[in-house]
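One file, data.txt, carrying compact mmCIF, C-alpha atoms:
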# COMPACT_ATOMS: atom_id res chain seq x y z
CA ASP A 1 5.69 18.39 5.91
CA THR A 2 5.92 14.71 5.09
CA GLU A 3 2.34 13.76 5.67
CA VAL A 4 -0.64 12.54 3.69
CA THR A 5 -3.90 13.50 5.38
CA GLN A 6 -7.36 12.09 4.80
CA THR A 7 -10.81 13.20 5.88
CA PRO A 8 -13.06 12.01 7.31
CA LYS A 9 -11.55 9.27 9.47
CA HIS A 10 -14.85 7.42 9.64
CA LEU A 11 -17.90 7.60 7.39
CA VAL A 12 -21.23 5.83 7.64
CA MET A 13 -23.57 6.21 4.68
CA GLY A 14 -26.71 4.73 3.26
CA MET A 15 -26.93 3.23 -0.18
CA THR A 16 -28.71 6.28 -1.56
CA ASN A 17 -26.30 8.87 -0.14
CA LYS A 18 -23.66 10.88 -1.94
CA LYS A 19 -20.46 11.55 -0.04
CA SER A 20 -16.82 12.42 -0.76
CA LEU A 21 -13.50 11.33 0.66
CA LYS A 22 -10.66 13.84 0.65
CA CYS A 23 -6.90 13.43 0.56
CA GLU A 24 -4.16 16.07 0.74
CA GLN A 25 -0.38 15.88 0.50
CA HIS A 26 2.28 18.59 0.79
CA MET A 27 5.31 16.59 -0.25
CA GLY A 28 5.43 17.96 -3.78
CA HIS A 29 4.49 14.59 -5.19
CA ARG A 30 2.94 14.47 -8.66
CA ALA A 31 1.28 11.06 -8.41
CA MET A 32 -1.62 10.20 -6.11
CA TYR A 33 -3.47 6.94 -5.55
CA TRP A 34 -6.66 5.51 -4.12
CA TYR A 35 -6.63 2.01 -2.61
CA LYS A 36 -9.37 -0.10 -1.07
CA GLN A 37 -8.50 -2.46 1.77
CA LYS A 38 -10.83 -5.05 3.22
CA ALA A 39 -10.16 -6.53 6.64
CA LYS A 40 -7.23 -8.95 6.77
CA LYS A 41 -6.47 -8.34 3.07
CA PRO A 42 -3.82 -6.33 1.21
CA PRO A 43 -4.62 -2.93 -0.33
CA GLU A 44 -6.08 -3.08 -3.82
CA LEU A 45 -5.30 -0.29 -6.26
CA MET A 46 -8.34 1.62 -7.54
CA PHE A 47 -7.06 4.75 -9.30
CA VAL A 48 -3.79 6.50 -10.11
CA TYR A 49 -3.44 10.16 -10.97
CA SER A 50 -0.19 11.33 -12.47
CA TYR A 51 0.40 15.05 -13.12
CA GLU A 52 -3.25 15.63 -12.21
CA LYS A 53 -4.47 13.32 -14.98
CA LEU A 54 -6.15 9.97 -14.47
CA SER A 55 -3.49 7.44 -15.41
CA ILE A 56 -4.88 4.15 -14.18
CA ASN A 57 -8.43 2.99 -13.45
CA GLU A 58 -8.47 -0.59 -12.29
CA SER A 59 -11.96 -1.27 -13.70
CA VAL A 60 -13.57 0.34 -10.68
CA PRO A 61 -17.40 0.61 -10.74
CA SER A 62 -18.72 4.02 -11.75
CA ARG A 63 -20.27 4.55 -8.32
CA PHE A 64 -16.72 5.57 -7.36
CA SER A 65 -15.65 8.77 -9.10
CA PRO A 66 -12.17 10.21 -8.54
CA GLU A 67 -11.18 13.83 -8.95
CA CYS A 68 -7.82 15.59 -8.75
CA PRO A 69 -8.44 19.35 -8.43
CA ASN A 70 -4.72 20.15 -8.15
CA SER A 71 -1.39 18.47 -7.47
CA SER A 72 -1.98 18.39 -3.69
CA LEU A 73 -5.58 17.24 -3.53
CA LEU A 74 -7.38 14.04 -4.43
CA ASN A 75 -11.07 13.34 -3.91
CA LEU A 76 -13.15 10.21 -4.21
CA HIS A 77 -16.86 10.85 -4.81
CA LEU A 78 -19.19 8.10 -3.68
CA HIS A 79 -22.73 7.50 -4.92
CA ALA A 80 -25.16 4.59 -4.62
CA LEU A 81 -22.66 2.38 -2.84
CA GLN A 82 -23.33 -1.19 -1.81
CA PRO A 83 -22.69 -2.78 1.62
CA GLU A 84 -19.81 -4.76 0.08
CA ASP A 85 -18.04 -1.44 -0.56
CA SER A 86 -17.49 -1.09 3.18
CA ALA A 87 -13.71 -1.02 3.67
CA LEU A 88 -10.72 1.14 4.60
CA TYR A 89 -9.98 3.57 1.79
CA LEU A 90 -6.35 4.61 1.63
CA CYS A 91 -4.83 7.49 -0.25
CA ALA A 92 -1.14 7.52 -1.16
CA SER A 93 1.26 9.79 -2.98
CA SER A 94 4.65 9.43 -4.64
CA GLN A 95 6.76 10.88 -7.37
CA PRO A 96 5.89 9.43 -10.78
CA ARG A 97 8.30 6.96 -12.25
CA GLY A 98 11.06 8.79 -14.06
CA LEU A 99 10.85 11.90 -11.93
CA ALA A 100 12.77 10.47 -8.98
CA VAL A 101 14.92 7.46 -8.16
CA TYR A 102 12.49 6.42 -5.45
CA ASN A 103 8.81 6.05 -6.25
CA GLU A 104 8.02 5.04 -2.70
CA GLN A 105 4.37 5.56 -1.92
CA PHE A 106 3.44 7.29 1.31
CA PHE A 107 0.05 6.40 2.71
CA GLY A 108 -2.50 8.47 4.57
CA PRO A 109 -4.29 7.18 7.69
CA GLY A 110 -7.34 6.08 5.69
CA THR A 111 -11.09 6.56 5.86
CA ARG A 112 -13.07 3.68 7.34
CA LEU A 113 -16.27 3.52 5.32
CA THR A 114 -19.40 1.66 6.36
CA VAL A 115 -22.29 1.36 3.90
CA LEU A 116 -25.62 0.45 5.47
CA GLU B 117 -0.58 -10.75 -14.55
CA LEU B 118 1.85 -10.11 -11.71
CA LYS B 119 1.39 -12.39 -8.72
CA VAL B 120 3.06 -11.78 -5.36
CA GLU B 121 3.19 -14.54 -2.79
CA GLN B 122 4.26 -14.14 0.81
CA ASN B 123 4.94 -16.84 3.29
CA PRO B 124 4.25 -17.54 5.97
CA LEU B 125 0.90 -15.76 6.22
CA PHE B 126 0.86 -16.14 10.00
CA LEU B 127 3.92 -16.17 12.20
CA SER B 128 3.97 -16.52 15.96
CA MET B 129 7.39 -16.26 17.49
CA GLN B 130 9.01 -15.76 20.84
CA GLU B 131 10.94 -12.69 21.83
CA GLY B 132 14.62 -13.02 21.12
CA LYS B 133 14.21 -15.44 18.22
CA ASN B 134 15.11 -14.92 14.57
CA TYR B 135 12.89 -15.56 11.58
CA THR B 136 12.53 -14.77 7.87
CA ILE B 137 9.51 -13.77 5.80
CA TYR B 138 9.65 -14.61 2.09
CA CYS B 139 8.17 -12.73 -0.85
CA ASN B 140 8.11 -14.34 -4.31
CA TYR B 141 6.83 -12.63 -7.42
CA SER B 142 6.00 -13.88 -10.86
CA THR B 143 7.32 -11.35 -13.40
CA THR B 144 10.40 -9.25 -13.85
CA SER B 145 10.60 -6.23 -11.60
CA ASP B 146 13.46 -4.20 -10.19
CA ARG B 147 11.54 -2.43 -7.46
CA LEU B 148 10.21 -3.96 -4.30
CA TYR B 149 8.87 -2.36 -1.14
CA TRP B 150 8.19 -3.57 2.38
CA TYR B 151 5.44 -2.00 4.47
CA ARG B 152 4.25 -2.48 8.04
CA GLN B 153 0.63 -2.14 9.12
CA ASP B 154 -0.57 -2.07 12.72
CA PRO B 155 -4.19 -3.09 13.40
CA GLY B 156 -6.62 -0.39 12.29
CA LYS B 157 -3.78 1.80 11.04
CA SER B 158 -2.29 2.80 7.73
CA LEU B 159 0.79 1.45 6.00
CA GLU B 160 4.24 2.56 7.08
CA SER B 161 7.07 2.30 4.58
CA LEU B 162 9.97 0.18 5.85
CA PHE B 163 12.29 -0.49 2.92
CA VAL B 164 12.73 0.35 -0.74
CA LEU B 165 14.79 -2.19 -2.71
CA LEU B 166 15.76 -1.03 -6.17
CA SER B 167 18.30 -3.43 -7.58
CA ASN B 168 19.53 -6.99 -7.56
CA GLY B 169 21.48 -7.76 -4.42
CA ALA B 170 20.13 -4.75 -2.54
CA VAL B 171 20.22 -5.14 1.22
CA LYS B 172 18.76 -2.64 3.67
CA GLN B 173 18.77 -2.78 7.47
CA GLU B 174 16.88 -0.82 10.07
CA GLY B 175 17.10 -1.93 13.68
CA ARG B 176 16.08 -5.57 13.99
CA LEU B 177 14.80 -5.80 10.40
CA MET B 178 16.84 -6.52 7.30
CA ALA B 179 15.46 -6.78 3.78
CA SER B 180 17.12 -8.15 0.66
CA LEU B 181 16.26 -8.52 -3.01
CA ASP B 182 17.28 -11.14 -5.55
CA THR B 183 15.75 -10.11 -8.87
CA LYS B 184 17.03 -13.19 -10.68
CA ALA B 185 15.23 -15.49 -8.26
CA ARG B 186 12.32 -13.01 -8.01
CA LEU B 187 12.60 -13.25 -4.26
CA SER B 188 12.80 -10.79 -1.40
CA THR B 189 13.30 -11.64 2.24
CA LEU B 190 12.57 -9.74 5.44
CA HIS B 191 14.72 -11.06 8.25
CA ILE B 192 13.85 -10.40 11.87
CA THR B 193 16.64 -10.58 14.41
CA ALA B 194 16.01 -11.04 18.14
CA ALA B 195 12.33 -10.20 17.87
CA VAL B 196 10.64 -7.92 20.38
CA HIS B 197 6.93 -7.46 21.09
CA ASP B 198 6.88 -4.06 19.37
CA LEU B 199 7.47 -5.78 16.03
CA SER B 200 4.02 -7.41 16.18
CA ALA B 201 2.17 -6.18 13.07
CA THR B 202 1.26 -7.23 9.54
CA TYR B 203 4.08 -6.96 7.02
CA PHE B 204 3.41 -6.56 3.31
CA CYS B 205 5.77 -6.78 0.40
CA ALA B 206 4.74 -4.88 -2.72
CA VAL B 207 6.18 -5.22 -6.20
CA GLU B 208 6.16 -2.35 -8.66
CA GLU B 209 5.39 -3.08 -12.29
CA ALA B 210 6.99 -1.06 -15.03
CA PRO B 211 4.50 1.53 -16.30
CA ARG B 212 2.26 0.30 -19.08
CA ALA B 213 2.11 2.18 -22.37
CA GLY B 214 0.41 5.54 -21.95
CA THR B 215 0.67 5.63 -18.16
CA SER B 216 3.19 7.13 -15.77
CA GLY B 217 1.86 6.18 -12.37
CA SER B 218 3.42 3.29 -10.52
CA ARG B 219 1.31 0.21 -9.98
CA LEU B 220 2.01 -1.75 -6.81
CA THR B 221 0.85 -5.32 -6.35
CA PHE B 222 0.84 -6.38 -2.71
CA GLY B 223 1.42 -9.79 -1.22
CA GLU B 224 -1.24 -11.18 1.12
CA GLY B 225 0.68 -9.99 4.15
CA THR B 226 2.35 -11.81 7.04
CA GLN B 227 0.66 -11.34 10.40
CA LEU B 228 3.49 -11.43 12.93
CA THR B 229 2.88 -11.94 16.63
CA VAL B 230 5.83 -11.76 18.99
CA ASN B 231 5.14 -13.36 22.35
CA PRO B 232 7.02 -12.57 25.57
Go through the file and emit its structure as structure tokens.
Amino acid sequence: DTEVTQTPKHLVMGMTNKKSLKCEQHMGHRAMYWYKQKAKKPPELMFVYSYEKLSINESVPSRFSPECPNSSLLNLHLHALQPEDSALYLCASSQPRGLAVYNEQFFGPGTRLTVL
Amino acid sequence: ELKVEQNPLFLSMQEGKNYTIYCNYSTTSDRLYWYRQDPGKSLESLFVLLSNGAVKQEGRLMASLDTKARLSTLHITAAVHDLSATYFCAVEEAPRAGTSGSRLTFGEGTQLTVNP
């Protein structure tokens, strides 16, 4: 299985809602990532988990809360979002640097989030 | 701070023609990736370039890396309509102290349209 899956595909939420995005990979990768992508822009890194520990937080607002329950799963908990947070949220996985020659990141299909 | 510049940002070309997309980056790196993104879709990995002088080819696309010039190119040969998409280069920074995840910085993307 060489796939990264994400649920849901689409999410519409109000500014007072709490929701979660889910990501799963079965490639045996030990690093997982969350990216945010606005329309016509490149992906922007939000968080990196390596060996199930938060390795990088790119100064993301606390209304986004990541969680890595195990090596295959990555969640992004959302609370009190703003309309400007509407975007495509992409999950990716790879081997951590040093564990493999290639650290190529494989991306999931994304969750399109709309905040009303 | 690593900066990645792609040019052109928009490219409209006729089927059968050749063209090159350029990716310049500002700091030393030995790992560069090319991704393709179709509208509304996720990113598909095209090439992984790991060392100076690396050249990879797949079908009508060929990518190269010159780490001394901090330049990668994506050459399109005899373009066909199916190649219409947005192409991103992404440069991997060496892990910072205390981290093991890989940090990718993406170029702005080149929106390629191939016309019949």
What are the closest atom pairs, with distances in Å to one decimal, for each residue of chain B lying within 8 Å of chain A, using all atoms listed in the file, rows by chain and rising residue number, as a Markdown table?
| residue | atom | partner | partner_atom | distance |
| --- | --- | --- | --- | --- |
| B:Tyr149 | CA | A:Glu104 | CA | 7.6 |
| B:Lys157 | CA | A:Pro109 | CA | 6.4 |
| B:Ser158 | CA | A:Pro109 | CA | 4.8 |
| B:Leu159 | CA | A:Phe107 | CA | 6.0 |
| B:Glu160 | CA | A:Phe107 | CA | 7.2 |
| B:Ser161 | CA | A:Phe106 | CA | 7.0 |
| B:Val164 | CA | A:Glu104 | CA | 6.9 |
| B:Phe204 | CA | A:Pro42 | CA | 7.5 |
| B:Pro211 | CA | A:Arg97 | CA | 7.8 |
| B:Gly214 | CA | A:Ser55 | CA | 7.8 |
| B:Thr215 | CA | A:Ser55 | CA | 5.3 |
| B:Ser216 | CA | A:Pro96 | CA | 6.1 |
| B:Gly217 | CA | A:Pro96 | CA | 5.4 |
| B:Ser218 | CA | A:Arg97 | CA | 6.3 |
| B:Arg219 | CA | A:Leu45 | CA | 7.6 |
| B:Leu220 | CA | A:Leu45 | CA | 7.5 |
| B:Thr221 | CA | A:Glu44 | CA | 7.7 |
| B:Phe222 | CA | A:Pro42 | CA | 6.1 |
| B:Gly223 | CA | A:Pro42 | CA | 6.7 |
| B:Glu224 | CA | A:Pro42 | CA | 5.5 |
| B:Gly225 | CA | A:Pro42 | CA | 6.5 |
Could those selected residues go to a file with C-alpha atoms, as a compact mmCIF listing (two decimals), in the frame of the given file?
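Wrote part03.txt, looks like this:
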# COMPACT_ATOMS: atom_id res chain seq x y z
CA TYR B 149 8.87 -2.36 -1.14
CA LYS B 157 -3.78 1.80 11.04
CA SER B 158 -2.29 2.80 7.73
CA LEU B 159 0.79 1.45 6.00
CA GLU B 160 4.24 2.56 7.08
CA SER B 161 7.07 2.30 4.58
CA VAL B 164 12.73 0.35 -0.74
CA PHE B 204 3.41 -6.56 3.31
CA PRO B 211 4.50 1.53 -16.30
CA GLY B 214 0.41 5.54 -21.95
CA THR B 215 0.67 5.63 -18.16
CA SER B 216 3.19 7.13 -15.77
CA GLY B 217 1.86 6.18 -12.37
CA SER B 218 3.42 3.29 -10.52
CA ARG B 219 1.31 0.21 -9.98
CA LEU B 220 2.01 -1.75 -6.81
CA THR B 221 0.85 -5.32 -6.35
CA PHE B 222 0.84 -6.38 -2.71
CA GLY B 223 1.42 -9.79 -1.22
CA GLU B 224 -1.24 -11.18 1.12
CA GLY B 225 0.68 -9.99 4.15
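With all atoms listed in the file as the atoms that count, the minimum distance from B:Thr144 to the choices B:Leu187, B:Leu177, B:Val171, B:Ala194 is reached by B:Leu187.
Distance check against B:Leu181 using all atoms listed in the file: of B:Asn134, B:Thr226, B:Ser145, B:Asn123, the minimum falls on B:Ser145.
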Selection: 12 Å around A:Gly14, all atoms listed in the file, excl. self and same-chain fewer than 6 positions, as an mmCIF file with C-alpha atoms, in the frame of the given file:
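out_4.cif, freshly written:
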data_model
loop_
_atom_site.group_PDB
_atom_site.id
_atom_site.type_symbol
_atom_site.label_atom_id
_atom_site.label_comp_id
_atom_site.auth_asym_id
_atom_site.auth_seq_id
_atom_site.Cartn_x
_atom_site.Cartn_y
_atom_site.Cartn_z
ATOM 1 C CA LEU A 78 -19.190 8.100 -3.680
ATOM 2 C CA HIS A 79 -22.730 7.500 -4.920
ATOM 3 C CA ALA A 80 -25.160 4.590 -4.620
ATOM 4 C CA LEU A 81 -22.660 2.380 -2.840
ATOM 5 C CA GLN A 82 -23.330 -1.190 -1.810
ATOM 6 C CA PRO A 83 -22.690 -2.780 1.620
ATOM 7 C CA ASP A 85 -18.040 -1.440 -0.560
ATOM 8 C CA SER A 86 -17.490 -1.090 3.180
ATOM 9 C CA LEU A 113 -16.270 3.520 5.320
ATOM 10 C CA THR A 114 -19.400 1.660 6.360
ATOM 11 C CA VAL A 115 -22.290 1.360 3.900
ATOM 12 C CA LEU A 116 -25.620 0.450 5.470
#
Note to self: So that I can check the surroundings of stretch 63-68 of chain A, please list as a PyMOL selection string every protein, DNA and RNA residue that reaches within 6 Å of it, counting all atoms listed in the file and ignoring chain neighbours fewer than 3 positions away.
What the structure shows: chain A and resi 52+73-79
Check: Counting all atoms listed in the file, what is within 8 Å of stretch 124-131 of chain B, bar same-chain residues fewer than 4 positions away, as a ChimeraX atom specification?
Finding: /B:137-138,194-197,224-232
With C-alpha atoms kept, could you save the residues just selected as a JSON list (two decimals), in the frame of the given file?
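File written: part-v9.json
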[["chain", "number", "residue", "atom", "x", "y", "z"],
["B", 137, "ILE", "CA", 9.51, -13.77, 5.80],
["B", 138, "TYR", "CA", 9.65, -14.61, 2.09],
["B", 194, "ALA", "CA", 16.01, -11.04, 18.14],
["B", 195, "ALA", "CA", 12.33, -10.20, 17.87],
["B", 196, "VAL", "CA", 10.64, -7.92, 20.38],
["B", 197, "HIS", "CA", 6.93, -7.46, 21.09],
["B", 224, "GLU", "CA", -1.24, -11.18, 1.12],
["B", 225, "GLY", "CA", 0.68, -9.99, 4.15],
["B", 226, "THR", "CA", 2.35, -11.81, 7.04],
["B", 227, "GLN", "CA", 0.66, -11.34, 10.40],
["B", 228, "LEU", "CA", 3.49, -11.43, 12.93],
["B", 229, "THR", "CA", 2.88, -11.94, 16.63],
["B", 230, "VAL", "CA", 5.83, -11.76, 18.99],
["B", 231, "ASN", "CA", 5.14, -13.36, 22.35],
["B", 232, "PRO", "CA", 7.02, -12.57, 25.57]]
Note to self: Here's a test: counting all atoms listed in the file, identify every protein, DNA and RNA residue with an atom at most 10 Å from (13.9, -1.9, -10.7) in the file's coordinate frame, and state them as a ChimeraX atom specification.
What the structure shows: /A:101-102 /B:144-148,165-168,183,207-210
Listed atoms of stretch 173-180 of chain B, axis-aligned box, 8 Å per side: centre and edge lengths to one decimal in Å, as AutoDock Vina command-line options?
--center_x 16.8 --center_y -4.5 --center_z 7.3 --size_x 20.0 --size_y 23.3 --size_z 29.3
Would you mind completing stretch 190-208 of chain B so that it carries N, CA and C atoms, and writing it out as a PDB file, in the frame of the given file?
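Printed below is out-v5.pdb as written:
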ATOM      1  N   LEU B 190      12.564 -10.677   4.315  1.00  0.00           N
ATOM      2  CA  LEU B 190      12.570  -9.740   5.440  1.00  0.00           C
ATOM      3  C   LEU B 190      12.985 -10.551   6.653  1.00  0.00           C
ATOM      4  N   HIS B 191      14.174 -10.291   7.139  1.00  0.00           N
ATOM      5  CA  HIS B 191      14.720 -11.060   8.250  1.00  0.00           C
ATOM      6  C   HIS B 191      14.557 -10.286   9.548  1.00  0.00           C
ATOM      7  N   ILE B 192      14.073 -11.001  10.552  1.00  0.00           N
ATOM      8  CA  ILE B 192      13.850 -10.400  11.870  1.00  0.00           C
ATOM      9  C   ILE B 192      14.877 -11.002  12.824  1.00  0.00           C
ATOM     10  N   THR B 193      15.610 -10.136  13.472  1.00  0.00           N
ATOM     11  CA  THR B 193      16.640 -10.580  14.410  1.00  0.00           C
ATOM     12  C   THR B 193      16.239 -10.237  15.837  1.00  0.00           C
ATOM     13  N   ALA B 194      16.297 -11.240  16.700  1.00  0.00           N
ATOM     14  CA  ALA B 194      16.010 -11.040  18.140  1.00  0.00           C
ATOM     15  C   ALA B 194      14.714 -10.259  18.323  1.00  0.00           C
ATOM     16  N   ALA B 195      13.630 -10.884  17.903  1.00  0.00           N
ATOM     17  CA  ALA B 195      12.330 -10.200  17.870  1.00  0.00           C
ATOM     18  C   ALA B 195      11.934  -9.649  19.236  1.00  0.00           C
ATOM     19  N   VAL B 196      11.226  -8.524  19.183  1.00  0.00           N
ATOM     20  CA  VAL B 196      10.640  -7.920  20.380  1.00  0.00           C
ATOM     21  C   VAL B 196       9.151  -7.705  20.122  1.00  0.00           C
ATOM     22  N   HIS B 197       8.381  -7.549  21.205  1.00  0.00           N
ATOM     23  CA  HIS B 197       6.930  -7.460  21.090  1.00  0.00           C
ATOM     24  C   HIS B 197       6.490  -6.328  20.169  1.00  0.00           C
ATOM     25  N   ASP B 198       7.251  -5.220  20.170  1.00  0.00           N
ATOM     26  CA  ASP B 198       6.880  -4.060  19.370  1.00  0.00           C
ATOM     27  C   ASP B 198       6.860  -4.335  17.867  1.00  0.00           C
ATOM     28  N   LEU B 199       7.465  -5.440  17.457  1.00  0.00           N
ATOM     29  CA  LEU B 199       7.470  -5.780  16.030  1.00  0.00           C
ATOM     30  C   LEU B 199       6.170  -6.462  15.586  1.00  0.00           C
ATOM     31  N   SER B 200       5.299  -6.784  16.528  1.00  0.00           N
ATOM     32  CA  SER B 200       4.020  -7.410  16.180  1.00  0.00           C
ATOM     33  C   SER B 200       3.234  -6.472  15.273  1.00  0.00           C
ATOM     34  N   ALA B 201       2.869  -6.976  14.082  1.00  0.00           N
ATOM     35  CA  ALA B 201       2.170  -6.180  13.070  1.00  0.00           C
ATOM     36  C   ALA B 201       1.962  -7.082  11.860  1.00  0.00           C
ATOM     37  N   THR B 202       1.332  -6.525  10.814  1.00  0.00           N
ATOM     38  CA  THR B 202       1.260  -7.230   9.540  1.00  0.00           C
ATOM     39  C   THR B 202       2.260  -6.600   8.587  1.00  0.00           C
ATOM     40  N   TYR B 203       3.045  -7.426   7.938  1.00  0.00           N
ATOM     41  CA  TYR B 203       4.080  -6.960   7.020  1.00  0.00           C
ATOM     42  C   TYR B 203       3.699  -7.340   5.595  1.00  0.00           C
ATOM     43  N   PHE B 204       3.732  -6.344   4.728  1.00  0.00           N
ATOM     44  CA  PHE B 204       3.410  -6.560   3.310  1.00  0.00           C
ATOM     45  C   PHE B 204       4.640  -6.294   2.458  1.00  0.00           C
ATOM     46  N   CYS B 205       4.867  -7.159   1.475  1.00  0.00           N
ATOM     47  CA  CYS B 205       5.770  -6.780   0.400  1.00  0.00           C
ATOM     48  C   CYS B 205       4.910  -6.299  -0.769  1.00  0.00           C
ATOM     49  N   ALA B 206       5.464  -5.423  -1.568  1.00  0.00           N
ATOM     50  CA  ALA B 206       4.740  -4.880  -2.720  1.00  0.00           C
ATOM     51  C   ALA B 206       5.723  -4.749  -3.876  1.00  0.00           C
ATOM     52  N   VAL B 207       5.319  -5.238  -5.024  1.00  0.00           N
ATOM     53  CA  VAL B 207       6.180  -5.220  -6.200  1.00  0.00           C
ATOM     54  C   VAL B 207       5.643  -4.190  -7.184  1.00  0.00           C
ATOM     55  N   GLU B 208       6.556  -3.393  -7.719  1.00  0.00           N
ATOM     56  CA  GLU B 208       6.160  -2.350  -8.660  1.00  0.00           C
ATOM     57  C   GLU B 208       6.354  -2.847 -10.084  1.00  0.00           C
TER      58      GLU B 208
END
